Each structure stands twice: as C-alpha cells, then as structure tokens.
Amino acid sequence: MALHKGGRGGTARKRGYAVNPFYGEADPVAGMAVEPPRLRLPDGPMAPHAAYQFVRDELMLDGNARLNLATFVTTWMEPQAAALMAECRDKNMIDKDEYPRTAELEQRCVTMLADLWHAPDPASAVGCSTTGSSEACMLAGLALKRRWALAHPDRYPHAGARPNLVMGANVQVCWEKFCNFWEVEARQVPMEGDRFHLDPQAAAALCDENTVGVVAVLGSTFDGSYEPVAEVCAALDALQERTGLDVPVHVDGASGAMIAPFLDEDLVWDFRLPRVASINTSGHKYGLVYPGVGWALWRTQEALPEELVFRVNYLGGDMPTFALNFSRPGAQVAAQYYTFLRLGREGFRAVQQNARDVACTLSEGVGALGDFRLLTRGDELPVFAFTTADGVDSYDVFDVSRRLRERGWLVPAYTFPPNREDLSVLRVVCRNGFSLDLAEHFLEDLRSLLPELRRQHGPLGRPESVATAFHH
C-alpha cells in the first residue's frame, strides 16, 4: 500500500504528515498529534518553529544547488548581499513613489550597463529591470514588433501582413513563447553540421518586408558559444544596400553580456554596432545575483516606442513603466547594485576569468578521458558541451547523466534541434562558486563511473520524457 493513503472504505482517516514530537511547544505528545494536510489548508495554526522545520525537512529532498551544473542561475552570494536582500524583500519594486532610492538604484544599474555596452549616450539610454531575461526578451520583442507596425501602418494589421522574427534554432525557449503569445512568425535558421548557432547569410536570406528584427544570442545555452553578432549585422547591412530593408538586431545576452565586456573586450557585439537596437541580460546569471533579476536596454529613446511606456498614477505618484510585471521585491535590484559596487570592472573580470579557467580546465580533463568528444571548450561562455566519442556504443549521454545524478551532480543530457536531432550531448555550466576543487571532484566521479558504463551491453535507452533541448 502506498504511503500516506487511507484504507479502503469511506470511514478511513485521511492522514497528513506526522510532525516530530519534539516540535511541540511544551507537550511532546500534543506535538505528535499534529499532522498538517498536504492538499488543503489546515484547520488551525501550528507553532512557527514547527511549520518552519516541517517545510525545511521536505526541502532537504531537493538537489544541492551548488552541484547543479545544469543551471546558469547564481547559486552563491556573499553573506552581506544576502543580508541586504533580506532587508529589501518587503519593498515593492514597482512603487517608485514610496521607494525612490530603490528606483534610483535601478536607474543607476541601467546607466552602468549602458556604459558597459557602449551606448551612444549612457545617460539617456532607456532600460529597466525585469524578473529575468525571459521578461526582458518579451519587452525587446514587443518593441521590435511595435516599431515595425508603426513604420508600416498600410500593411499591419488591416492588410493581413504577418510580422516575423528571424533567429537560430538554438534560441532560448522564451523567444518561441514570444512569437506564440504575440502572434509573430518564428523563422528559425536550423543547425548544419558543426555549426550549432545562427548563420549570418542564412539569417539575412530569411528577412523580408515583414521582418521585425533578427535575434542574435551572445552565448548559446546549447553549447556556450557566441553567435557572430557583428557578422549578422554586416549581412543585414548588405541586405539593406541591395533591397532597402532596414532590419534591426536584438542581442540576447542573457549570459554573454556579462562575460564578453570583461573577458573579450575586443569583441564587437554591442551598441558599437549601429544596427543593434536592444540588449538583454540576466542579472541572476553571470550578473552574479540570486534569482530573479534581468535587464532590458535600448540604445536610444527612439528604439523604444513611447506608446509602450505606461505612465500610471500609482499610490500617489506619476510613474513611467514598461515592464510586464508589477509587484515584485526590490531585493534583487539592490543586490545587483551592491554587486556592481562590490566588484567593479576589475572584480568582475577576476570572477568571470576564474569561471572560464575552471571551464577550460575541466573540459580538457573530460576530453582526456578518451570516452568523450568536446563540442566546445568553455573559452567563450564558461560552459562546454560534449558527447560520447566515436566507437563508444555501450552507453550514451543519458546513461552518464543518470549515473552522475547518483553522485549528486545534476548534468543535463539533451538532443540538439533541427537539423541535428541526431546529436545528443551533456552540458556543464561553470558558475562563480563552482571552484577548481569541485571541478576535480566532478572529474573524479565521472572517471570512476566509466568502468561500469563500459561494461554495459548497450545504452539503457533515452527517457521518453526528456526534452529535445535543455532550456535553462
């Protein structure tokens, strides 16, 4: 009989979870009788320390975030940052009239990012914080669509023209959601051979008079590689010379926009390219802040249509806003400003270089095992992808992922999108807090699994539930 199920018949008692007797205020026997239900509100209250321990005990069954090599999201911050976030968690970020200093910190972060990304005039650049890059991408896509619609009132919406957005098949799933939610055709450039991201010429070939923009990803989640933003812009420049079509570019810098400015300063990908209209990043990824904060910036005020900016009378103040979400805590914005002050350019460079060094060292170690073939080496994003080497037929990447999970390591295994569904890989994300020491432990665990994996008669089978991409 399954646990926590009542017996047969209508008179069986529907049990919840029994609480440790020592959680009782004074009477252990009374505490023993506390059984909060799982799926409905309890009939009465329970002591705060008992409720805390009850929830905490259940959360112990989650994986260890520090050993999660699947996620890009920050899993470690300094105690001072955590304390600052705790002090700001009750401030509603949207209420700029009541919390003007929090609003000021947000604007300072926008200006700092505009300067970091070489906006023509950082002081006048337009931007805002978001709950993450997904919301930031939605805002950027909306701005692209609205700019296109305003430029073509004769065709949209009454003439039936359907706007489209060009991107690689490797984009994060939020772009597919954007196109679905806001009725935009997603035109995706498929992967080909060893090209795992957007091809500039193929992207330009998909553009027409209904194209609202092209999305270039600075740091693909599939393998950690940068898309060639400058080459994409050059291809669109040539397209404009031939056809007159002026197609803007949005750079999805969810991760790379907080790596490249510090480690790849000569790489031109940002507002130095006139065709780049907007950029987003995740403050909670390589911006080094706990979830969830993102940023969306436009190169000038003209790049964001004024009609998308709402000016509302909210709790006594006139407030411009263009984020999708309203109520959210100001803690992450305060933490982002803290991190900018705490590290500065040199500090960010040191932290990101360490992450890249760990990624490159670990990828070299994985490659040296002989059972795997590296697709990338962690020398762009501190991320690398690898698959089984030719001749390895006793196991596959899904077997490796399952076995690593037994050791506490969360490493995603997934297949690539069209036209490389034949390729299945493992991906490792190296973040701040994933030290070289932890990397050596990971490599040793991986090495220790290989003898048993090699003795298998064949792969155990790809789980039916596994997605064709890992969308962290």
# chains A, B, ... in the order shown; residues from 1 in each chain; ligands from 1

call {"tool": "residues_around", "arguments": {"residues": "stretch 234-236 of chain A", "least_positions_apart": "4", "cutoff": "8 Å", "atoms": "only C-alpha atoms", "output": "PDB file with N, CA and C atoms, in the first residue's frame"}}
result
ATOM      1  N   PRO A 200      24.976  34.031 -40.414  1.00  0.00           N
ATOM      2  CA  PRO A 200      24.594  35.388 -40.841  1.00  0.00           C
ATOM      3  C   PRO A 200      23.900  35.440 -42.196  1.00  0.00           C
ATOM      4  N   GLN A 201      24.442  34.746 -43.177  1.00  0.00           N
ATOM      5  CA  GLN A 201      23.848  34.804 -44.514  1.00  0.00           C
ATOM      6  C   GLN A 201      22.477  34.132 -44.542  1.00  0.00           C
ATOM      7  N   ALA A 204      19.964  36.566 -43.022  1.00  0.00           N
ATOM      8  CA  ALA A 204      19.588  37.643 -43.941  1.00  0.00           C
ATOM      9  C   ALA A 204      18.655  37.127 -45.032  1.00  0.00           C
ATOM     10  N   ALA A 230      28.487  40.693 -34.997  1.00  0.00           N
ATOM     11  CA  ALA A 230      28.988  41.657 -35.975  1.00  0.00           C
ATOM     12  C   ALA A 230      28.766  41.159 -37.397  1.00  0.00           C
ATOM     13  N   GLN A 240      20.366  45.603 -46.727  1.00  0.00           N
ATOM     14  CA  GLN A 240      19.775  46.932 -46.875  1.00  0.00           C
ATOM     15  C   GLN A 240      20.288  47.629 -48.131  1.00  0.00           C
ATOM     16  N   ASP A 246      15.583  47.646 -43.808  1.00  0.00           N
ATOM     17  CA  ASP A 246      16.366  48.040 -42.635  1.00  0.00           C
ATOM     18  C   ASP A 246      15.891  47.204 -41.446  1.00  0.00           C
ATOM     19  N   VAL A 247      16.625  46.148 -41.144  1.00  0.00           N
ATOM     20  CA  VAL A 247      16.214  45.178 -40.126  1.00  0.00           C
ATOM     21  C   VAL A 247      17.076  45.355 -38.877  1.00  0.00           C
TER      22      VAL A 247
END

call {"tool": "closest_atom_pairs", "arguments": {"of": "stretch 251-307 of chain A", "to": "stretch 165-174 of chain A", "cutoff": "12 Å", "atoms": "only C-alpha atoms", "output": "CSV"}}
result
residue,atom,partner,partner_atom,distance
A:Val251,CA,A:Met167,CA,10.6
A:Asp252,CA,A:Val171,CA,8.8
A:Gly253,CA,A:Gln172,CA,11.0
A:Ala254,CA,A:Gln172,CA,9.5
A:Ser255,CA,A:Gln172,CA,11.5

call {"tool": "write_last_selection", "arguments": {"atoms": "N, CA, C and O atoms", "output": "PDB file, in the first residue's frame"}}
result
ATOM      1  N   VAL A 251      20.228  41.697 -29.319  1.00  0.00           N
ATOM      2  CA  VAL A 251      21.221  40.765 -28.797  1.00  0.00           C
ATOM      3  C   VAL A 251      20.709  40.176 -27.493  1.00  0.00           C
ATOM      4  O   VAL A 251      20.524  40.900 -26.501  1.00  0.00           O
ATOM      5  N   ASP A 252      20.458  38.874 -27.510  1.00  0.00           N
ATOM      6  CA  ASP A 252      20.091  38.164 -26.290  1.00  0.00           C
ATOM      7  C   ASP A 252      21.395  37.812 -25.573  1.00  0.00           C
ATOM      8  O   ASP A 252      22.034  36.805 -25.864  1.00  0.00           O
ATOM      9  N   GLY A 253      21.768  38.679 -24.652  1.00  0.00           N
ATOM     10  CA  GLY A 253      22.999  38.488 -23.906  1.00  0.00           C
ATOM     11  C   GLY A 253      22.726  37.969 -22.510  1.00  0.00           C
ATOM     12  O   GLY A 253      23.396  38.402 -21.560  1.00  0.00           O
ATOM     13  N   ALA A 254      21.761  37.056 -22.376  1.00  0.00           N
ATOM     14  CA  ALA A 254      21.371  36.554 -21.060  1.00  0.00           C
ATOM     15  C   ALA A 254      22.588  36.205 -20.221  1.00  0.00           C
ATOM     16  O   ALA A 254      22.661  36.530 -19.039  1.00  0.00           O
ATOM     17  N   SER A 255      23.567  35.556 -20.825  1.00  0.00           N
ATOM     18  CA  SER A 255      24.799  35.214 -20.114  1.00  0.00           C
ATOM     19  C   SER A 255      25.993  36.000 -20.641  1.00  0.00           C
ATOM     20  O   SER A 255      26.752  36.595 -19.890  1.00  0.00           O
TER      21      SER A 255
END

call {"tool": "residues_around", "arguments": {"residues": "A:Arg427", "least_positions_apart": "6", "cutoff": "9 Å", "atoms": "only C-alpha atoms", "output": "PyMOL selection string"}}
result
chain A and resi 69-70+221-224+383-387+411-414

call {"tool": "write_last_selection", "arguments": {"atoms": "N, CA, C and O atoms", "output": "PDB file, in the first residue's frame"}}
result
ATOM      1  N   LEU A  69      25.041  21.550 -12.223  1.00  0.00           N
ATOM      2  CA  LEU A  69      25.812  22.025 -13.365  1.00  0.00           C
ATOM      3  C   LEU A  69      24.928  22.215 -14.589  1.00  0.00           C
ATOM      4  O   LEU A  69      25.431  22.421 -15.694  1.00  0.00           O
ATOM      5  N   ALA A  70      23.613  22.153 -14.403  1.00  0.00           N
ATOM      6  CA  ALA A  70      22.670  22.418 -15.479  1.00  0.00           C
ATOM      7  C   ALA A  70      22.308  23.893 -15.548  1.00  0.00           C
ATOM      8  O   ALA A  70      22.184  24.465 -16.625  1.00  0.00           O
ATOM      9  N   THR A 221      22.771  28.603 -25.092  1.00  0.00           N
ATOM     10  CA  THR A 221      22.591  27.679 -23.971  1.00  0.00           C
ATOM     11  C   THR A 221      22.891  26.245 -24.377  1.00  0.00           C
ATOM     12  O   THR A 221      23.082  25.391 -23.511  1.00  0.00           O
ATOM     13  N   PHE A 222      22.936  25.960 -25.662  1.00  0.00           N
ATOM     14  CA  PHE A 222      23.202  24.591 -26.102  1.00  0.00           C
ATOM     15  C   PHE A 222      24.657  24.195 -25.902  1.00  0.00           C
ATOM     16  O   PHE A 222      24.952  23.074 -25.512  1.00  0.00           O
ATOM     17  N   ASP A 223      25.577  25.122 -26.194  1.00  0.00           N
ATOM     18  CA  ASP A 223      26.990  24.734 -26.122  1.00  0.00           C
ATOM     19  C   ASP A 223      27.897  25.825 -25.573  1.00  0.00           C
ATOM     20  O   ASP A 223      29.109  25.620 -25.474  1.00  0.00           O
ATOM     21  N   GLY A 224      27.344  27.004 -25.228  1.00  0.00           N
ATOM     22  CA  GLY A 224      28.145  28.070 -24.652  1.00  0.00           C
ATOM     23  C   GLY A 224      28.855  28.948 -25.648  1.00  0.00           C
ATOM     24  O   GLY A 224      29.627  29.832 -25.261  1.00  0.00           O
ATOM     25  N   VAL A 383      31.100  27.526 -20.273  1.00  0.00           N
ATOM     26  CA  VAL A 383      30.145  26.440 -20.490  1.00  0.00           C
ATOM     27  C   VAL A 383      30.721  25.561 -21.595  1.00  0.00           C
ATOM     28  O   VAL A 383      31.271  26.074 -22.570  1.00  0.00           O
ATOM     29  N   PHE A 384      30.589  24.268 -21.460  1.00  0.00           N
ATOM     30  CA  PHE A 384      31.020  23.408 -22.561  1.00  0.00           C
ATOM     31  C   PHE A 384      30.084  22.225 -22.701  1.00  0.00           C
ATOM     32  O   PHE A 384      29.427  21.798 -21.743  1.00  0.00           O
ATOM     33  N   ALA A 385      30.021  21.720 -23.923  1.00  0.00           N
ATOM     34  CA  ALA A 385      29.177  20.578 -24.244  1.00  0.00           C
ATOM     35  C   ALA A 385      30.050  19.468 -24.799  1.00  0.00           C
ATOM     36  O   ALA A 385      31.046  19.722 -25.481  1.00  0.00           O
ATOM     37  N   PHE A 386      29.665  18.228 -24.509  1.00  0.00           N
ATOM     38  CA  PHE A 386      30.426  17.087 -25.022  1.00  0.00           C
ATOM     39  C   PHE A 386      29.501  15.918 -25.250  1.00  0.00           C
ATOM     40  O   PHE A 386      28.407  15.830 -24.665  1.00  0.00           O
ATOM     41  N   THR A 387      29.925  15.015 -26.099  1.00  0.00           N
ATOM     42  CA  THR A 387      29.154  13.824 -26.413  1.00  0.00           C
ATOM     43  C   THR A 387      30.076  12.622 -26.351  1.00  0.00           C
ATOM     44  O   THR A 387      31.287  12.764 -26.140  1.00  0.00           O
ATOM     45  N   VAL A 411      23.652  17.119 -14.290  1.00  0.00           N
ATOM     46  CA  VAL A 411      24.237  17.455 -15.587  1.00  0.00           C
ATOM     47  C   VAL A 411      23.225  17.076 -16.660  1.00  0.00           C
ATOM     48  O   VAL A 411      22.881  15.896 -16.793  1.00  0.00           O
ATOM     49  N   PRO A 412      22.716  18.032 -17.410  1.00  0.00           N
ATOM     50  CA  PRO A 412      21.663  17.718 -18.379  1.00  0.00           C
ATOM     51  C   PRO A 412      22.199  16.970 -19.594  1.00  0.00           C
ATOM     52  O   PRO A 412      23.301  17.228 -20.073  1.00  0.00           O
ATOM     53  N   ALA A 413      21.406  16.047 -20.083  1.00  0.00           N
ATOM     54  CA  ALA A 413      21.639  15.393 -21.361  1.00  0.00           C
ATOM     55  C   ALA A 413      20.452  15.710 -22.257  1.00  0.00           C
ATOM     56  O   ALA A 413      19.302  15.629 -21.817  1.00  0.00           O
ATOM     57  N   TYR A 414      20.711  16.082 -23.502  1.00  0.00           N
ATOM     58  CA  TYR A 414      19.622  16.502 -24.378  1.00  0.00           C
ATOM     59  C   TYR A 414      20.061  16.380 -25.825  1.00  0.00           C
ATOM     60  O   TYR A 414      21.255  16.304 -26.144  1.00  0.00           O
TER      61      TYR A 414
END

call {"tool": "select_by_dssp", "arguments": {"residues": "stretch 225-266 of chain A", "states": "helix (DSSP H, G or I)", "output": "list in words"}}
result
Val229, Ala230, Glu231, Val232, Cys233, Ala234, Ala235, Leu236, Asp237, Ala238, Leu239, Gln240, Glu241, Arg242, Thr243, Gly256, Ala257, Met258, Ala260, Pro261, Phe262 and Leu263 of chain A

call {"tool": "write_last_selection", "arguments": {"atoms": "N, CA, C and O atoms", "output": "mmCIF file, in the first residue's frame"}}
result
data_model
loop_
_atom_site.group_PDB
_atom_site.id
_atom_site.type_symbol
_atom_site.label_atom_id
_atom_site.label_comp_id
_atom_site.auth_asym_id
_atom_site.auth_seq_id
_atom_site.Cartn_x
_atom_site.Cartn_y
_atom_site.Cartn_z
ATOM 1 N N VAL A 229 27.640 38.237 -33.811
ATOM 2 C CA VAL A 229 26.739 39.386 -33.896
ATOM 3 C C VAL A 229 27.197 40.375 -34.966
ATOM 4 O O VAL A 229 26.386 40.871 -35.764
ATOM 5 N N ALA A 230 28.487 40.693 -34.997
ATOM 6 C CA ALA A 230 28.988 41.657 -35.975
ATOM 7 C C ALA A 230 28.766 41.159 -37.397
ATOM 8 O O ALA A 230 28.401 41.943 -38.296
ATOM 9 N N GLU A 231 28.972 39.865 -37.622
ATOM 10 C CA GLU A 231 28.769 39.306 -38.962
ATOM 11 C C GLU A 231 27.286 39.327 -39.343
ATOM 12 O O GLU A 231 26.932 39.545 -40.501
ATOM 13 N N VAL A 232 26.411 39.099 -38.371
ATOM 14 C CA VAL A 232 24.972 39.191 -38.642
ATOM 15 C C VAL A 232 24.613 40.611 -39.054
ATOM 16 O O VAL A 232 23.870 40.831 -40.027
ATOM 17 N N CYS A 233 25.140 41.590 -38.328
ATOM 18 C CA CYS A 233 24.866 42.990 -38.668
ATOM 19 C C CYS A 233 25.411 43.328 -40.052
ATOM 20 O O CYS A 233 24.769 44.050 -40.828
ATOM 21 N N ALA A 234 26.597 42.815 -40.384
ATOM 22 C CA ALA A 234 27.181 43.076 -41.700
ATOM 23 C C ALA A 234 26.320 42.484 -42.811
ATOM 24 O O ALA A 234 26.127 43.108 -43.869
ATOM 25 N N ALA A 235 25.795 41.276 -42.582
ATOM 26 C CA ALA A 235 24.921 40.657 -43.585
ATOM 27 C C ALA A 235 23.648 41.467 -43.768
ATOM 28 O O ALA A 235 23.129 41.606 -44.893
ATOM 29 N N LEU A 236 23.133 42.033 -42.677
ATOM 30 C CA LEU A 236 21.926 42.864 -42.781
ATOM 31 C C LEU A 236 22.236 44.222 -43.401
ATOM 32 O O LEU A 236 21.377 44.806 -44.077
ATOM 33 N N ASP A 237 23.450 44.730 -43.187
ATOM 34 C CA ASP A 237 23.866 45.960 -43.882
ATOM 35 C C ASP A 237 23.866 45.727 -45.388
ATOM 36 O O ASP A 237 23.378 46.571 -46.164
ATOM 37 N N ALA A 238 24.419 44.595 -45.802
ATOM 38 C CA ALA A 238 24.452 44.271 -47.235
ATOM 39 C C ALA A 238 23.040 44.082 -47.775
ATOM 40 O O ALA A 238 22.736 44.497 -48.913
ATOM 41 N N LEU A 239 22.166 43.478 -46.977
ATOM 42 C CA LEU A 239 20.774 43.309 -47.395
ATOM 43 C C LEU A 239 20.112 44.664 -47.610
ATOM 44 O O LEU A 239 19.367 44.859 -48.590
ATOM 45 N N GLN A 240 20.366 45.603 -46.727
ATOM 46 C CA GLN A 240 19.775 46.932 -46.875
ATOM 47 C C GLN A 240 20.288 47.629 -48.131
ATOM 48 O O GLN A 240 19.529 48.309 -48.831
ATOM 49 N N GLU A 241 21.565 47.458 -48.429
ATOM 50 C CA GLU A 241 22.123 48.067 -49.645
ATOM 51 C C GLU A 241 21.471 47.496 -50.891
ATOM 52 O O GLU A 241 21.235 48.220 -51.868
ATOM 53 N N ARG A 242 21.147 46.203 -50.866
ATOM 54 C CA ARG A 242 20.552 45.562 -52.047
ATOM 55 C C ARG A 242 19.070 45.837 -52.168
ATOM 56 O O ARG A 242 18.550 46.029 -53.274
ATOM 57 N N THR A 243 18.355 45.848 -51.037
ATOM 58 C CA THR A 243 16.886 45.851 -51.085
ATOM 59 C C THR A 243 16.239 47.048 -50.409
ATOM 60 O O THR A 243 15.042 47.286 -50.611
ATOM 61 N N GLY A 256 26.159 36.017 -21.955
ATOM 62 C CA GLY A 256 27.359 36.593 -22.550
ATOM 63 C C GLY A 256 27.529 38.077 -22.352
ATOM 64 O O GLY A 256 28.658 38.588 -22.356
ATOM 65 N N ALA A 257 26.442 38.805 -22.165
ATOM 66 C CA ALA A 257 26.556 40.259 -21.992
ATOM 67 C C ALA A 257 27.198 40.635 -20.667
ATOM 68 O O ALA A 257 27.559 41.801 -20.462
ATOM 69 N N MET A 258 27.345 39.660 -19.758
ATOM 70 C CA MET A 258 28.075 39.906 -18.521
ATOM 71 C C MET A 258 29.398 39.135 -18.486
ATOM 72 O O MET A 258 30.070 39.092 -17.454
ATOM 73 N N ALA A 260 31.459 38.866 -21.947
ATOM 74 C CA ALA A 260 32.266 39.464 -23.009
ATOM 75 C C ALA A 260 32.844 40.836 -22.651
ATOM 76 O O ALA A 260 34.001 41.116 -22.986
ATOM 77 N N PRO A 261 32.106 41.751 -21.980
ATOM 78 C CA PRO A 261 32.688 43.060 -21.685
ATOM 79 C C PRO A 261 33.953 42.988 -20.822
ATOM 80 O O PRO A 261 34.773 43.908 -20.858
ATOM 81 N N PHE A 262 34.115 41.912 -20.075
ATOM 82 C CA PHE A 262 35.248 41.796 -19.166
ATOM 83 C C PHE A 262 36.350 40.894 -19.692
ATOM 84 O O PHE A 262 37.527 41.140 -19.437
ATOM 85 N N LEU A 263 35.987 39.867 -20.447
ATOM 86 C CA LEU A 263 36.981 38.900 -20.906
ATOM 87 C C LEU A 263 37.264 38.980 -22.396
ATOM 88 O O LEU A 263 38.301 38.471 -22.846
#

call {"tool": "residues_around", "arguments": {"residues": "A:Trp175", "least_positions_apart": "6", "cutoff": "8 Å", "atoms": "only C-alpha atoms", "output": "ChimeraX atom specification"}}
result
/A:134,137-138

call {"tool": "closest_residue", "arguments": {"among": "A:Ala389, A:Tyr337, A:Asn280, A:Pro274", "to": "A:Ala368", "atoms": "only C-alpha atoms"}}
result
A:Ala389

call {"tool": "closest_residue", "arguments": {"among": "A:Leu410, A:Leu304, A:Leu341, A:Val293", "to": "A:Ala125", "atoms": "only C-alpha atoms"}}
result
A:Leu304

call {"tool": "residues_around", "arguments": {"residues": "A:Thr102", "least_positions_apart": "2", "cutoff": "8 Å", "atoms": "only C-alpha atoms", "output": "PDB file with N, CA and C atoms, in the first residue's frame"}}
result
ATOM      1  N   MET A  93       8.965  46.747  -5.708  1.00  0.00           N
ATOM      2  CA  MET A  93       9.812  47.426  -6.688  1.00  0.00           C
ATOM      3  C   MET A  93       9.045  48.421  -7.551  1.00  0.00           C
ATOM      4  N   LYS A  96       7.633  53.230  -7.102  1.00  0.00           N
ATOM      5  CA  LYS A  96       8.784  54.131  -7.116  1.00  0.00           C
ATOM      6  C   LYS A  96       8.542  55.407  -6.319  1.00  0.00           C
ATOM      7  N   TYR A  99       9.330  54.193  -2.694  1.00  0.00           N
ATOM      8  CA  TYR A  99      10.704  53.721  -2.514  1.00  0.00           C
ATOM      9  C   TYR A  99      11.609  54.373  -3.562  1.00  0.00           C
ATOM     10  N   PRO A 100      11.779  55.684  -3.468  1.00  0.00           N
ATOM     11  CA  PRO A 100      12.523  56.409  -4.511  1.00  0.00           C
ATOM     12  C   PRO A 100      13.995  56.013  -4.583  1.00  0.00           C
ATOM     13  N   GLU A 104      16.090  54.755  -7.741  1.00  0.00           N
ATOM     14  CA  GLU A 104      17.347  55.378  -8.137  1.00  0.00           C
ATOM     15  C   GLU A 104      18.427  54.334  -8.386  1.00  0.00           C
ATOM     16  N   LEU A 105      18.484  53.312  -7.537  1.00  0.00           N
ATOM     17  CA  LEU A 105      19.475  52.247  -7.738  1.00  0.00           C
ATOM     18  C   LEU A 105      19.218  51.502  -9.045  1.00  0.00           C
ATOM     19  N   GLU A 106      17.937  51.310  -9.359  1.00  0.00           N
ATOM     20  CA  GLU A 106      17.602  50.664 -10.632  1.00  0.00           C
ATOM     21  C   GLU A 106      18.122  51.489 -11.804  1.00  0.00           C
ATOM     22  N   GLY A 330      12.161  44.594  -4.328  1.00  0.00           N
ATOM     23  CA  GLY A 330      13.320  45.367  -4.771  1.00  0.00           C
ATOM     24  C   GLY A 330      14.638  44.748  -4.362  1.00  0.00           C
ATOM     25  N   VAL A 333      17.284  44.062  -7.199  1.00  0.00           N
ATOM     26  CA  VAL A 333      17.879  45.276  -7.749  1.00  0.00           C
ATOM     27  C   VAL A 333      18.932  45.830  -6.794  1.00  0.00           C
ATOM     28  N   ALA A 334      18.605  45.830  -5.500  1.00  0.00           N
ATOM     29  CA  ALA A 334      19.586  46.280  -4.513  1.00  0.00           C
ATOM     30  C   ALA A 334      20.824  45.390  -4.541  1.00  0.00           C
TER      31      ALA A 334
END

call {"tool": "residues_around", "arguments": {"residues": "A:Leu144", "least_positions_apart": "5", "cutoff": "9 Å", "atoms": "only C-alpha atoms", "output": "ChimeraX atom specification"}}
result
/A:139,149,165,212-213,248-250,277,303-305

call {"tool": "closest_residue", "arguments": {"among": "A:Tyr52, A:Ala296, A:Glu364, A:Gly433", "to": "A:Ala65", "atoms": "only C-alpha atoms"}}
result
A:Gly433

call {"tool": "closest_residue", "arguments": {"among": "A:Gly44, A:Pro153, A:Gly461, A:Gly219", "to": "A:Leu381", "atoms": "only C-alpha atoms"}}
result
A:Gly219

call {"tool": "residues_around", "arguments": {"residues": "A:Val110", "least_positions_apart": "3", "cutoff": "8 Å", "atoms": "only C-alpha atoms", "output": "PyMOL selection string"}}
result
chain A and resi 106-107+113-114+125-129+295+297

call {"tool": "write_last_selection", "arguments": {"atoms": "N, CA, C and O atoms", "output": "PDB file, in the first residue's frame"}}
result
ATOM      1  N   GLU A 106      17.937  51.310  -9.359  1.00  0.00           N
ATOM      2  CA  GLU A 106      17.602  50.664 -10.632  1.00  0.00           C
ATOM      3  C   GLU A 106      18.122  51.489 -11.804  1.00  0.00           C
ATOM      4  O   GLU A 106      18.741  50.957 -12.738  1.00  0.00           O
ATOM      5  N   GLN A 107      17.886  52.798 -11.758  1.00  0.00           N
ATOM      6  CA  GLN A 107      18.330  53.658 -12.851  1.00  0.00           C
ATOM      7  C   GLN A 107      19.852  53.689 -12.943  1.00  0.00           C
ATOM      8  O   GLN A 107      20.420  53.717 -14.042  1.00  0.00           O
ATOM      9  N   LEU A 113      25.062  49.648 -17.076  1.00  0.00           N
ATOM     10  CA  LEU A 113      25.034  48.663 -18.153  1.00  0.00           C
ATOM     11  C   LEU A 113      25.125  49.335 -19.514  1.00  0.00           C
ATOM     12  O   LEU A 113      25.803  48.831 -20.422  1.00  0.00           O
ATOM     13  N   ALA A 114      24.463  50.475 -19.676  1.00  0.00           N
ATOM     14  CA  ALA A 114      24.532  51.206 -20.942  1.00  0.00           C
ATOM     15  C   ALA A 114      25.967  51.633 -21.229  1.00  0.00           C
ATOM     16  O   ALA A 114      26.436  51.582 -22.380  1.00  0.00           O
ATOM     17  N   ALA A 125      20.217  56.474 -22.288  1.00  0.00           N
ATOM     18  CA  ALA A 125      19.757  55.154 -22.708  1.00  0.00           C
ATOM     19  C   ALA A 125      18.535  54.746 -21.888  1.00  0.00           C
ATOM     20  O   ALA A 125      18.407  55.086 -20.710  1.00  0.00           O
ATOM     21  N   VAL A 126      17.647  54.011 -22.508  1.00  0.00           N
ATOM     22  CA  VAL A 126      16.409  53.595 -21.872  1.00  0.00           C
ATOM     23  C   VAL A 126      16.524  52.131 -21.469  1.00  0.00           C
ATOM     24  O   VAL A 126      17.002  51.295 -22.238  1.00  0.00           O
ATOM     25  N   GLY A 127      16.104  51.822 -20.253  1.00  0.00           N
ATOM     26  CA  GLY A 127      16.149  50.441 -19.811  1.00  0.00           C
ATOM     27  C   GLY A 127      15.380  50.253 -18.534  1.00  0.00           C
ATOM     28  O   GLY A 127      14.902  51.207 -17.919  1.00  0.00           O
ATOM     29  N   CYS A 128      15.273  49.005 -18.109  1.00  0.00           N
ATOM     30  CA  CYS A 128      14.555  48.701 -16.873  1.00  0.00           C
ATOM     31  C   CYS A 128      14.988  47.348 -16.359  1.00  0.00           C
ATOM     32  O   CYS A 128      15.553  46.528 -17.097  1.00  0.00           O
ATOM     33  N   SER A 129      14.729  47.115 -15.094  1.00  0.00           N
ATOM     34  CA  SER A 129      14.933  45.783 -14.530  1.00  0.00           C
ATOM     35  C   SER A 129      13.708  44.935 -14.831  1.00  0.00           C
ATOM     36  O   SER A 129      12.604  45.444 -15.054  1.00  0.00           O
ATOM     37  N   TRP A 295      17.661  42.452 -17.121  1.00  0.00           N
ATOM     38  CA  TRP A 295      17.756  43.838 -17.587  1.00  0.00           C
ATOM     39  C   TRP A 295      17.482  43.904 -19.081  1.00  0.00           C
ATOM     40  O   TRP A 295      17.947  43.046 -19.843  1.00  0.00           O
ATOM     41  N   LEU A 297      17.697  46.842 -22.202  1.00  0.00           N
ATOM     42  CA  LEU A 297      18.172  48.179 -22.553  1.00  0.00           C
ATOM     43  C   LEU A 297      17.994  48.419 -24.040  1.00  0.00           C
ATOM     44  O   LEU A 297      18.165  47.492 -24.858  1.00  0.00           O
TER      45      LEU A 297
END

call {"tool": "atom_distance", "arguments": {"atom1": "atom CA of A:Asn92", "atom2": "atom CA of A:Arg328"}}
result
5.5 Å

call {"tool": "closest_residue", "arguments": {"among": "A:Pro42, A:Gly132, A:Gly141, A:Pro451", "to": "A:Ser278", "atoms": "only C-alpha atoms"}}
result
A:Gly141
